[in-house]
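Trainee: Coordinates in upload37.cif, mmCIF, C-alpha atoms, are listed below.
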```cif
data_input
loop_
_atom_site.label_atom_id
_atom_site.label_comp_id
_atom_site.auth_asym_id
_atom_site.auth_seq_id
_atom_site.Cartn_x
_atom_site.Cartn_y
_atom_site.Cartn_z
CA TYR A 1337 13.52 11.46 8.49
CA CYS A 1338 14.77 10.73 12.02
CA TYR A 1339 11.39 11.90 13.36
CA PHE A 1340 9.56 9.53 11.02
CA LEU A 1341 11.58 6.60 12.33
CA GLU A 1342 10.29 7.24 15.82
CA ILE A 1343 6.63 7.74 14.91
CA LYS A 1344 6.10 4.07 13.96
CA VAL A 1345 4.93 3.23 17.47
CA ILE A 1346 2.23 5.89 17.15
CA ILE A 1347 0.93 4.30 13.96
CA LEU A 1348 0.82 0.89 15.64
CA TYR A 1349 -1.08 2.49 18.50
CA MET A 1350 -3.49 4.12 16.03
CA ASN A 1351 -4.06 0.81 14.25
CA ASN A 1352 -5.38 -0.61 17.52
CA SER A 1353 -7.58 2.42 18.24
CA ILE A 1354 -11.07 1.38 17.12
CA ASP A 1355 -14.23 3.22 18.11
CA ALA A 1356 -17.56 1.67 19.13
CA LYS A 1357 -18.70 1.44 15.49
CA GLY A 1358 -15.60 -0.44 14.44
CA ASN A 1359 -14.03 2.54 12.67
CA ARG A 1360 -10.36 3.35 13.09
CA GLU A 1361 -9.79 6.52 15.08
CA ILE A 1362 -7.48 9.19 13.70
CA LEU A 1363 -5.43 10.75 16.46
CA THR A 1364 -5.24 14.53 16.64
CA ILE A 1365 -1.88 16.30 16.68
CA ARG A 1366 -2.39 17.09 20.38
CA GLU A 1367 -3.08 13.41 21.15
CA ILE A 1368 0.06 12.34 19.27
CA ILE A 1369 2.20 14.82 21.22
CA ASP A 1370 0.66 13.68 24.53
CA PHE A 1371 1.20 10.04 23.57
CA ARG A 1372 4.89 10.69 22.82
CA LYS A 1373 5.31 12.54 26.10
CA ALA A 1374 3.65 9.74 28.10
CA ASN A 1375 5.96 7.15 26.54
CA ASN A 1376 9.16 9.21 26.91
CA LEU A 1377 9.53 9.64 23.16
CA GLY A 1378 10.62 13.26 23.44
CA LYS A 1379 9.22 16.39 21.86
CA MET A 1380 7.96 16.70 18.29
CA ASN A 1381 7.11 19.82 16.35
CA PRO A 1382 3.40 19.82 15.34
CA GLU A 1383 4.34 20.84 11.80
CA ILE A 1384 6.49 17.71 11.44
CA ILE A 1385 3.49 15.60 12.42
CA ARG A 1386 1.27 17.42 9.93
CA ARG A 1387 3.82 16.90 7.16
CA PHE A 1388 3.98 13.18 7.94
CA TRP A 1389 0.22 12.68 7.96
CA ARG A 1390 -0.23 14.65 4.73
CA ASN A 1391 1.79 11.89 3.09
CA ALA A 1392 0.86 8.88 5.21
CA ILE A 1393 -2.90 9.18 4.76
CA LYS A 1394 -2.42 8.85 0.99
CA LEU A 1395 -1.18 5.27 1.09
CA ASP A 1396 -4.13 4.23 -1.07
CA GLN A 1397 -3.07 6.72 -3.76
CA ILE A 1398 0.46 5.48 -4.43
CA GLY A 1399 1.56 6.57 -7.88
CA ASN A 1400 -1.51 8.77 -8.39
CA LEU A 1401 -0.43 11.84 -6.47
CA PRO A 1402 -0.19 14.97 -8.67
CA ARG A 1403 3.28 16.34 -9.44
CA ASN A 1404 4.17 20.00 -9.42
CA ARG A 1405 6.15 21.85 -12.09
CA VAL A 1406 9.51 21.62 -10.28
CA GLN A 1407 9.06 17.87 -9.80
CA GLU A 1408 8.31 17.30 -13.47
CA LEU A 1409 11.30 19.36 -14.60
CA LYS A 1410 13.74 17.57 -12.32
CA VAL A 1411 12.41 14.12 -13.27
CA GLU A 1412 12.96 14.93 -16.95
CA MET A 1413 16.44 16.29 -16.17
CA ALA A 1414 17.37 13.06 -14.38
CA LYS A 1415 16.12 10.94 -17.29
CA ASP A 1416 18.13 13.00 -19.75
CA MET A 1417 21.34 12.91 -17.69
CA LEU A 1418 21.07 9.15 -17.14
CA SER A 1419 20.12 8.29 -20.72
CA ARG A 1420 23.77 8.01 -21.77
CA LEU A 1421 24.83 5.97 -18.73
CA PRO A 1422 25.71 2.30 -19.49
CA LYS A 1423 22.87 0.15 -18.15
CA TYR A 1424 24.50 -3.30 -18.14
CA PHE A 1425 24.87 -3.46 -14.34
CA ILE A 1426 21.58 -1.70 -13.52
CA LYS A 1427 18.30 -3.38 -12.58
CA PHE A 1428 16.33 -0.32 -11.47
CA ILE A 1429 16.64 3.45 -11.12
CA GLY A 1430 14.17 5.53 -9.16
CA ILE A 1431 14.05 9.09 -7.91
CA SER A 1432 13.71 9.50 -4.14
CA GLY A 1433 14.00 12.28 -1.58
CA SER A 1434 12.37 15.69 -1.91
CA VAL A 1435 11.81 15.39 -5.67
CA ALA A 1436 9.80 12.21 -5.16
CA ASN A 1437 7.73 13.29 -2.14
CA GLY A 1438 6.72 16.67 -3.57
CA GLU A 1439 8.60 18.91 -1.14
CA VAL A 1440 11.25 19.82 -3.70
CA LYS A 1441 12.59 23.34 -4.20
CA ASP A 1442 14.31 24.80 -7.26
CA ALA A 1443 17.69 24.74 -5.48
CA ASP A 1444 17.49 21.04 -4.52
CA ASP A 1445 19.53 18.22 -6.01
CA ILE A 1446 18.00 14.98 -7.33
CA ASP A 1447 18.33 11.91 -5.09
CA LEU A 1448 18.59 8.51 -6.78
CA PHE A 1449 17.61 5.05 -5.54
CA ILE A 1450 19.46 2.43 -7.60
CA VAL A 1451 19.39 -1.37 -7.71
CA THR A 1452 22.29 -3.12 -9.41
CA LYS A 1453 22.88 -6.71 -10.41
CA ASN A 1454 24.56 -8.89 -7.82
CA ASN A 1455 28.33 -8.46 -7.39
CA SER A 1456 28.38 -5.19 -9.32
CA LEU A 1457 27.49 -2.40 -6.88
CA TRP A 1458 30.98 -0.95 -6.70
CA ILE A 1459 31.58 -1.47 -10.42
CA PHE A 1460 28.46 0.58 -11.15
CA ARG A 1461 29.36 3.30 -8.64
CA PHE A 1462 32.82 3.61 -10.21
CA ILE A 1463 31.31 4.02 -13.70
CA PHE A 1464 28.66 6.44 -12.43
CA MET A 1465 31.14 8.66 -10.58
CA LEU A 1466 33.56 8.64 -13.51
CA ALA A 1467 30.88 9.55 -16.05
CA GLY A 1468 29.20 12.00 -13.71
CA LYS A 1469 32.35 13.98 -12.94
CA ARG A 1470 33.28 14.05 -16.61
CA ARG A 1471 29.89 15.39 -17.64
CA GLY A 1472 29.36 17.51 -14.53
CA TYR A 1473 26.00 16.16 -13.42
CA ILE A 1474 26.79 14.71 -9.99
CA ASN A 1475 26.61 16.53 -6.68
CA SER A 1476 30.03 16.70 -5.00
CA SER A 1477 31.79 18.75 -2.36
CA LYS A 1478 33.52 20.71 -5.15
CA ALA A 1479 30.27 21.65 -6.87
CA LEU A 1480 29.41 25.34 -6.53
CA SER A 1481 25.72 24.48 -6.31
CA ALA A 1482 23.75 21.30 -5.68
CA GLN A 1483 20.86 22.49 -7.83
CA ASP A 1484 19.78 19.91 -10.42
CA LYS A 1485 22.79 17.67 -9.66
CA LEU A 1486 22.40 13.92 -9.24
CA CYS A 1487 23.06 12.42 -5.80
CA VAL A 1488 23.17 8.65 -5.36
CA ASN A 1489 21.27 8.44 -2.10
CA LEU A 1490 21.22 4.63 -2.05
CA ILE A 1491 22.57 1.74 -4.12
CA THR A 1492 21.68 -1.84 -3.29
CA GLU A 1493 22.21 -5.12 -5.10
CA GLU A 1494 19.18 -7.07 -6.28
CA GLY A 1495 19.88 -9.77 -3.70
CA ASN A 1496 19.30 -7.33 -0.85
CA LEU A 1497 15.98 -5.60 -1.44
CA ILE A 1498 14.61 -6.00 2.09
CA PHE A 1499 14.56 -2.80 4.14
CA GLU A 1500 13.93 -2.30 7.83
CA ASN A 1501 10.27 -1.94 8.81
CA SER A 1502 10.08 1.76 9.65
CA VAL A 1503 8.05 4.80 8.71
CA GLY A 1504 11.13 6.45 7.26
CA ASN A 1505 11.67 3.58 4.82
CA LEU A 1506 7.93 3.40 4.08
CA HIS A 1507 7.98 7.09 3.21
CA GLU A 1508 10.92 6.62 0.83
CA LEU A 1509 9.59 3.50 -0.88
CA ILE A 1510 6.02 4.62 -1.54
CA HIS A 1511 7.21 7.88 -3.10
CA LEU A 1512 9.79 6.35 -5.45
CA ILE A 1513 9.43 7.62 -9.02
CA PRO A 1514 10.73 4.88 -11.34
CA ILE A 1515 12.65 6.13 -14.38
CA TYR A 1516 14.34 2.91 -15.51
CA ASN A 1517 12.86 -0.60 -15.55
CA SER A 1518 9.65 0.56 -13.87
CA ARG A 1519 8.18 -2.90 -13.34
CA PHE A 1520 11.08 -3.84 -11.06
CA LEU A 1521 9.38 -1.64 -8.46
CA CYS A 1522 6.96 -4.53 -7.96
CA LYS A 1523 9.83 -6.76 -6.82
CA ILE A 1524 11.01 -4.08 -4.39
CA TYR A 1525 7.54 -3.71 -2.88
CA GLU A 1526 6.89 -7.45 -2.68
CA SER A 1527 10.27 -7.94 -0.97
CA ASN A 1528 9.02 -5.58 1.75
CA SER A 1529 5.68 -7.18 2.56
CA TRP A 1530 5.52 -5.22 5.83
CA MET A 1531 4.42 -2.19 3.77
CA LYS A 1532 1.09 -3.85 3.04
CA LYS A 1533 0.82 -5.91 6.22
CA ASP A 1534 1.61 -3.21 8.79
CA TYR A 1535 0.62 -0.03 6.95
CA GLU A 1536 -1.97 -1.24 4.44
CA ALA A 1537 -0.07 0.38 1.57
CA ASN A 1538 -2.15 -0.35 -1.53
CA TYR A 1539 0.31 -0.44 -4.42
CA SER A 1540 -1.13 -3.28 -6.53
CA GLU A 1541 -3.16 -1.02 -8.84
CA TYR A 1542 -0.23 1.34 -9.30
CA ILE A 1543 2.15 -1.49 -10.22
CA SER A 1544 -0.30 -2.74 -12.86
CA THR A 1545 -0.16 0.63 -14.62
CA LEU A 1546 3.62 0.68 -15.01
CA ASP A 1547 4.98 0.03 -18.47
CA ASP A 1548 7.46 -2.72 -19.25
CA ASP A 1549 10.80 -1.34 -20.39
CA LYS A 1550 11.56 -3.98 -22.99
CA PHE A 1551 15.15 -2.82 -23.37
CA CYS A 1552 15.68 -3.57 -19.67
CA LEU A 1553 14.75 -7.22 -19.81
CA ASP A 1554 17.64 -9.58 -19.18
CA LYS A 1555 18.77 -11.44 -22.27
CA LYS A 1556 19.67 -15.12 -22.14
CA LYS A 1557 23.32 -15.48 -21.25
CA SER A 1558 25.67 -18.04 -22.64
CA LEU A 1559 27.42 -20.46 -20.30
CA PHE A 1560 30.71 -18.63 -20.89
CA THR A 1561 29.13 -15.30 -19.90
CA LYS A 1562 27.66 -16.82 -16.74
CA ILE A 1563 31.04 -18.25 -15.72
CA LEU A 1564 32.72 -14.89 -16.26
CA ALA A 1565 30.02 -13.15 -14.20
CA LYS A 1566 30.43 -15.56 -11.29
CA THR A 1567 34.22 -15.57 -11.25
CA PHE A 1568 35.57 -12.22 -12.43
CA LEU A 1569 32.76 -9.86 -11.44
CA PRO A 1570 33.11 -10.47 -7.67
CA ILE A 1571 36.90 -9.93 -7.94
CA ILE A 1572 36.57 -6.69 -9.91
CA ASN A 1573 33.77 -5.51 -7.64
CA PHE A 1574 35.88 -6.12 -4.51
CA PHE A 1575 38.91 -4.37 -6.01
CA LEU A 1576 36.81 -1.31 -6.84
CA PHE A 1577 35.34 -1.38 -3.33
CA LEU A 1578 38.87 -1.20 -1.89
CA SER A 1579 39.86 1.71 -4.12
CA GLN A 1580 36.65 3.69 -3.51
CA GLY A 1581 36.59 2.75 0.16
CA PHE A 1582 40.12 4.10 0.60
CA LEU A 1583 39.14 7.47 -0.92
CA MET A 1584 36.01 7.68 1.24
CA ALA A 1585 38.00 6.79 4.37
CA VAL A 1586 40.43 9.61 3.55
CA HIS A 1587 37.43 11.96 3.44
CA GLY A 1588 36.19 10.87 6.85
CA VAL A 1589 33.90 7.88 6.27
CA LYS A 1590 34.33 5.37 9.10
CA VAL A 1591 35.97 2.06 8.21
CA SER A 1592 33.27 0.22 10.21
CA LEU A 1593 30.63 1.77 7.95
CA LEU A 1594 32.53 0.76 4.81
CA ILE A 1595 32.72 -2.84 6.08
CA LYS A 1596 28.97 -2.71 6.82
CA TRP A 1597 28.27 -1.60 3.24
CA LEU A 1598 30.44 -4.37 1.84
CA ARG A 1599 28.79 -7.01 4.03
CA GLU A 1600 25.24 -5.84 3.32
CA LYS A 1601 25.92 -5.20 -0.39
CA ARG A 1602 24.40 -1.77 0.00
CA PHE A 1603 25.70 1.80 -0.21
CA ALA A 1604 23.74 4.46 1.68
CA ILE A 1605 25.43 7.84 1.58
CA PHE A 1606 23.06 9.34 4.17
CA GLU A 1607 24.50 6.94 6.78
CA ALA A 1608 27.90 8.62 6.35
CA LYS A 1609 26.37 11.99 7.20
CA LYS A 1610 24.99 10.94 10.59
#
```
Please express the file's structure as structure tokens.
Mentor:
Amino acid sequence: YCYFLEIKVIILYMNNSIDAKGNREILTIREIIDFRKANNLGKMNPEIIRRFWRNAIKLDQIGNLPRNRVQELKVEMAKDMLSRLPKYFIKFIGISGSVANGEVKDADDIDLFIVTKNNSLWIFRFIFMLAGKRRGYINSSKALSAQDKLCVNLITEEGNLIFENSVGNLHELIHLIPIYNSRFLCKIYESNSWMKKDYEANYSEYISTLDDDKFCLDKKKSLFTKILAKTFLPIINFFLFLSQGFLMAVHGVKVSLLIKWLREKRFAIFEAKK
């Protein structure tokens, strides 16, 4: 979505383009290309612009867009594969990427957007990778095919739900398909108020239709449990970061990126592929 990240300035320009009757003007593809050229934004393929607008103009239909057969199959596959995964450290699981935005193909993998409890990101990733390799449902370099495999595109802790204001992030967030603790999506959206303020993304009605997953609600914790969570969890989490970070560094991930993930309490595998 590198092209989407750059197109934000065009949207801001469009938002200020009002005709004599007070209606917002919709720029043509030719006008967008000319605007980019005039502002030294480089070239952009017209088809990329069309693809973006096909999604962007549906911001008032969040959650109501029809799903195709491949989407439905892969969503059900993800639910089934994740049903046996321990949920103690998880706050939210959503499907992102091509499966979520409707451009999925049969050969594609299934990208996941996961929110964990604080101080447990690397504990969760360790459990997920261990269980996934054992059961063969994660996408790895050793896999013969990525088709229908799970790929953790992003993991973030619940204390860091704010994402950069960009069209790329807007595109990812509005297309998320929640498959665990659906109502938590409201907290994600509300933490990123720029979605509604800058892009008029109307998600309130969609959020109201989501079901509560009663088994996801946090139970009251005893004082002893809270003390353990605040003392031992951060230590275990840091130890597992070191062990996983070492393996990733061996496979070419930059140490500076690993430190960034630790500091931000977020793991974004796509950043390692840049």
Trainee: Once the PyMOL selection byres ((chain A and resi 1573) around 12) has been applied to the shown file, what residues remain in the selection, as a PyMOL selection string?
Mentor: chain A and resi 1425+1452-1463+1493+1565-1572+1574-1581+1598+1601
Trainee: For the atom pair CA of Tyr1516 (chain A) and CA of Glu1536 (chain A), what is the interatomic distance in Å to one decimal place?
Mentor: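 Result for CA of Tyr1516 (chain A) versus CA of Glu1536 (chain A): 26.1 Å, one decimal.
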Trainee: Using only C-alpha atoms, which protein or nucleic acid residues come within 12 Å of Asp1416 (chain A)? Drop anything in the same chain fewer than 3 positions from it, and give the result as a PyMOL selection string.
Mentor: chain A and resi 1409-1413+1419-1421+1473+1484+1486+1515-1516
Trainee: Using C-alpha atoms, can you write the selected residues to a file as a JSON list (two decimals), in the coordinates of the input?
Mentor:
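The new file out-v1.json reads:
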```json
[["chain", "number", "residue", "atom", "x", "y", "z"],
["A", 1409, "LEU", "CA", 11.30, 19.36, -14.60],
["A", 1410, "LYS", "CA", 13.74, 17.57, -12.32],
["A", 1411, "VAL", "CA", 12.41, 14.12, -13.27],
["A", 1412, "GLU", "CA", 12.96, 14.93, -16.95],
["A", 1413, "MET", "CA", 16.44, 16.29, -16.17],
["A", 1419, "SER", "CA", 20.12, 8.29, -20.72],
["A", 1420, "ARG", "CA", 23.77, 8.01, -21.77],
["A", 1421, "LEU", "CA", 24.83, 5.97, -18.73],
["A", 1473, "TYR", "CA", 26.00, 16.16, -13.42],
["A", 1484, "ASP", "CA", 19.78, 19.91, -10.42],
["A", 1486, "LEU", "CA", 22.40, 13.92, -9.24],
["A", 1515, "ILE", "CA", 12.65, 6.13, -14.38],
["A", 1516, "TYR", "CA", 14.34, 2.91, -15.51]]
```
Trainee: Need to verify the contact set: Val1435 (chain A), 8 Å, all atoms listed in the file, exclusion of same-chain residues closer than 3 positions in sequence. Can you return it as a PyMOL selection string?
Mentor: chain A and resi 1407+1410-1411+1431-1432+1438-1440+1446-1447
Trainee: Any chance you could work out the residue set of the PyMOL selection byres ((chain A and resi 1525) around 12) here, as a PyMOL selection string?
Mentor: chain A and resi 1398+1497-1499+1505-1506+1508-1512+1518-1524+1526-1533+1537-1540+1542-1543
Trainee: Could you tell me how far CA of Lys1562 (chain A) lies from CA of Ile1429 (chain A), in Å and to one decimal?
Mentor: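 So the answer is 23.7 Å.
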Trainee: Between CA of Glu1408 (chain A) and CA of Ala1436 (chain A), measure the distance and give it in Å to one decimal.
Mentor: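 The value is 9.9 Å.
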Trainee: What lies within 12 Å of Asn1489 (chain A) using only C-alpha atoms, ignoring chain neighbours under 5 positions off, as a ChimeraX atom specification?
Mentor: /A:1429-1434,1445-1451,1461,1474-1475,1508,1602-1609
